[in-house]
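> Before we start, here is the structure in question, set down as structure tokens.
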Amino acid sequence: VFGIVYFFGIDTKKVIDIASVGGSLPSFHIPAIPFTLETLKIIFPYALVMAGVGLIESLLTLNMVDEITSTKGQSNREAAAQGIANITNGFFGGMGGCAMVAQTLVNVGAGGRARLSSIVAAIAILLIILVAGPVIEQIPMAALVGVMMMVAIGTFEWVSFRIINKMPRHDIFIGMLVAVITIVLHNLALAVLIGVVISALVFAWESAKRIRARKYVDEDGVKHYEIFGPLFFGSTAAFIEKFDVLNDPNEVVIDFKESKVVDMSAIEALNKITEKYHKEGKKLHLRHLSQDCRQLLKNAETVIDVNIIEDPTYKVMTNK
């Protein structure tokens, strides 16, 4: 396409019409901005968004490369190196950067396995900017569009269309929503944030449905409720529905061996069920609470008054 446009003198938009590619080696300088709290307030939100998007894309790219090459990358080192490089880059007038999915896939597909491949790519871009800028600027935008279309076709996971009907509906919805937000608003950070929030809500909903209770009455006439699944804000309603306060005996034990009291909503639910049993003149005990659950209930002593059965501690004799 470049040859056709160049030799036939076709009038079309080129790279030079969008931006200049050529440049020179940067020089060190300290940004000419006031180092005040007001400046930090202006810069920090944008810095936070850029750092978040950069880390997310870099770590996802690292995870993808690990799967393709059957290796194990060091995410901490990669994140630290990216941060140090971006801070250093700012003192040379450069823009922030992160790992690129498309370039990485092309690199790995061409056989690159070590960091040398990235260094070669960086040197090639440097030479283009310093030497080959005038040539690159003459490339028609139509040619670049074709290149990017082929990169997109090679990057896209086409097998996902075959398994889309086998995936959970909420995963399909979240994936499509993130893609639409990214395309419409051109804001990957917002799209990822919304996707994470919705995924967290879906996880909470699914976890709430899994709480259940096994009930039995022992030889002393005490009714036991063995709770399975976490007790948190999403599962409190289902938790309270498990109990038959009116028909239960005078002493009831709630066993949390397979459960966990997670948040203040869970404490409020325990408070409500405790009040119901107290109104009926019945005694309620909690058993097998983990240490963090006990601390949570202790911190909320002004809100809730429950009887916690102390679990026995078994000491094993050693030969020392």
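How things are named: the first chain in the structure tokens is A, the next is B, and so on; residues count from 1 in each chain; ligands count from 1 in the order shown.
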Ile240 (chain A): which residues within 8 Å, counting only C-alpha atoms, same-chain residues fewer than 4 positions away excluded, as a PyMOL selection string?

chain A and resi 236+269+273

> Could you pull the residues within 12 Å of Met64 (chain A), counting only C-alpha atoms, minus those fewer than 4 positions along the same chain, as a PDB file with N, CA and C atoms, in the first residue's frame?


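To be explicit, this is the file written out as result01.pdb:
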ATOM      1  N   GLU A  57      -2.985  -4.115  33.149  1.00  0.00           N
ATOM      2  CA  GLU A  57      -2.661  -4.619  31.812  1.00  0.00           C
ATOM      3  C   GLU A  57      -1.338  -5.391  31.827  1.00  0.00           C
ATOM      4  N   SER A  58      -0.366  -4.903  32.571  1.00  0.00           N
ATOM      5  CA  SER A  58       0.934  -5.581  32.614  1.00  0.00           C
ATOM      6  C   SER A  58       0.828  -6.952  33.276  1.00  0.00           C
ATOM      7  N   LEU A  59       0.101  -7.037  34.393  1.00  0.00           N
ATOM      8  CA  LEU A  59      -0.015  -8.311  35.099  1.00  0.00           C
ATOM      9  C   LEU A  59      -0.859  -9.307  34.316  1.00  0.00           C
ATOM     10  N   LEU A  60      -1.903  -8.813  33.637  1.00  0.00           N
ATOM     11  CA  LEU A  60      -2.691  -9.708  32.776  1.00  0.00           C
ATOM     12  C   LEU A  60      -1.844 -10.208  31.606  1.00  0.00           C
ATOM     13  N   ILE A  68       1.093 -19.206  27.845  1.00  0.00           N
ATOM     14  CA  ILE A  68       1.547 -19.590  26.498  1.00  0.00           C
ATOM     15  C   ILE A  68       2.877 -20.322  26.547  1.00  0.00           C
ATOM     16  N   THR A  69       3.799 -19.812  27.384  1.00  0.00           N
ATOM     17  CA  THR A  69       5.158 -20.362  27.413  1.00  0.00           C
ATOM     18  C   THR A  69       5.372 -21.394  28.511  1.00  0.00           C
ATOM     19  N   SER A  70       4.321 -21.656  29.309  1.00  0.00           N
ATOM     20  CA  SER A  70       4.429 -22.615  30.419  1.00  0.00           C
ATOM     21  C   SER A  70       5.567 -22.246  31.373  1.00  0.00           C
ATOM     22  N   THR A  71       5.646 -20.964  31.686  1.00  0.00           N
ATOM     23  CA  THR A  71       6.659 -20.477  32.617  1.00  0.00           C
ATOM     24  C   THR A  71       5.962 -19.751  33.771  1.00  0.00           C
ATOM     25  N   LYS A  72       6.745 -19.261  34.710  1.00  0.00           N
ATOM     26  CA  LYS A  72       6.207 -18.529  35.849  1.00  0.00           C
ATOM     27  C   LYS A  72       6.967 -17.228  36.003  1.00  0.00           C
ATOM     28  N   GLY A  73       6.303 -16.115  35.666  1.00  0.00           N
ATOM     29  CA  GLY A  73       6.927 -14.808  35.794  1.00  0.00           C
ATOM     30  C   GLY A  73       6.860 -14.286  37.219  1.00  0.00           C
ATOM     31  N   ALA A  99       3.050  -2.820  29.775  1.00  0.00           N
ATOM     32  CA  ALA A  99       3.092  -3.937  28.838  1.00  0.00           C
ATOM     33  C   ALA A  99       1.956  -3.824  27.826  1.00  0.00           C
ATOM     34  N   MET A 100       2.220  -4.229  26.588  1.00  0.00           N
ATOM     35  CA  MET A 100       1.214  -4.172  25.514  1.00  0.00           C
ATOM     36  C   MET A 100       0.858  -5.590  25.086  1.00  0.00           C
ATOM     37  N   VAL A 101      -0.430  -5.886  25.133  1.00  0.00           N
ATOM     38  CA  VAL A 101      -0.884  -7.242  24.821  1.00  0.00           C
ATOM     39  C   VAL A 101      -0.563  -7.601  23.381  1.00  0.00           C
ATOM     40  N   ALA A 102      -0.913  -6.717  22.438  1.00  0.00           N
ATOM     41  CA  ALA A 102      -0.724  -7.023  21.019  1.00  0.00           C
ATOM     42  C   ALA A 102       0.750  -7.220  20.688  1.00  0.00           C
ATOM     43  N   THR A 104       3.173  -7.933  22.677  1.00  0.00           N
ATOM     44  CA  THR A 104       3.692  -9.104  23.374  1.00  0.00           C
ATOM     45  C   THR A 104       3.326 -10.387  22.631  1.00  0.00           C
ATOM     46  N   LEU A 105       2.075 -10.474  22.173  1.00  0.00           N
ATOM     47  CA  LEU A 105       1.652 -11.665  21.428  1.00  0.00           C
ATOM     48  C   LEU A 105       2.441 -11.819  20.140  1.00  0.00           C
ATOM     49  N   VAL A 108       5.964 -12.978  21.213  1.00  0.00           N
ATOM     50  CA  VAL A 108       5.994 -14.388  21.619  1.00  0.00           C
ATOM     51  C   VAL A 108       5.746 -15.294  20.415  1.00  0.00           C
ATOM     52  N   THR A 155      -4.726 -11.408  17.656  1.00  0.00           N
ATOM     53  CA  THR A 155      -4.745 -11.319  19.109  1.00  0.00           C
ATOM     54  C   THR A 155      -6.021 -11.877  19.705  1.00  0.00           C
ATOM     55  N   GLU A 157      -9.116 -13.944  20.914  1.00  0.00           N
ATOM     56  CA  GLU A 157      -9.265 -15.360  21.278  1.00  0.00           C
ATOM     57  C   GLU A 157     -10.552 -15.886  20.619  1.00  0.00           C
TER      58      GLU A 157
END

> Give me the residues near Ile125 (chain A) as a compact mmCIF listing (two decimals) with N, CA and C atoms, in the first residue's frame, where near means some atom within 12 Å (using only C-alpha atoms) and where sequence neighbours in that chain fewer than 6 positions away do not count.


# COMPACT_ATOMS: atom_id res chain seq x y z
N VAL A 21 6.77 11.77 13.65
CA VAL A 21 7.41 10.59 14.25
C VAL A 21 8.85 10.89 14.64
N GLY A 22 9.54 11.69 13.85
CA GLY A 22 10.95 11.96 14.08
C GLY A 22 11.19 12.67 15.41
N GLY A 23 12.39 12.49 15.92
CA GLY A 23 12.74 13.13 17.19
C GLY A 23 14.22 12.98 17.46
N SER A 118 12.54 -7.85 24.05
CA SER A 118 11.97 -6.54 24.35
C SER A 118 12.99 -5.44 24.14
N ILE A 119 14.25 -5.72 24.48
CA ILE A 119 15.32 -4.73 24.28
C ILE A 119 15.50 -4.45 22.79
N VAL A 131 16.26 7.89 13.07
CA VAL A 131 16.78 7.79 11.70
C VAL A 131 15.66 7.69 10.67
N ALA A 132 14.72 6.76 10.92
CA ALA A 132 13.75 6.43 9.88
C ALA A 132 12.45 7.23 9.99
N GLY A 133 12.45 8.28 10.81
CA GLY A 133 11.23 9.07 10.98
C GLY A 133 10.64 9.60 9.69
N ILE A 136 8.83 6.71 7.87
CA ILE A 136 7.62 6.27 8.57
C ILE A 136 6.50 7.28 8.40

> Hey, what's within 8 Å of Ile174 (chain A) if we count only C-alpha atoms and toss same-chain stuff fewer than 6 positions away? As a list in words, please?

Gly195, Ile198 and Ser199 of chain A

> Would you work out the distance separating CA of Phe233 (chain A) from CA of Asp292 (chain A), expressed in Å to one decimal?

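A separation of 17.1 Å between them.
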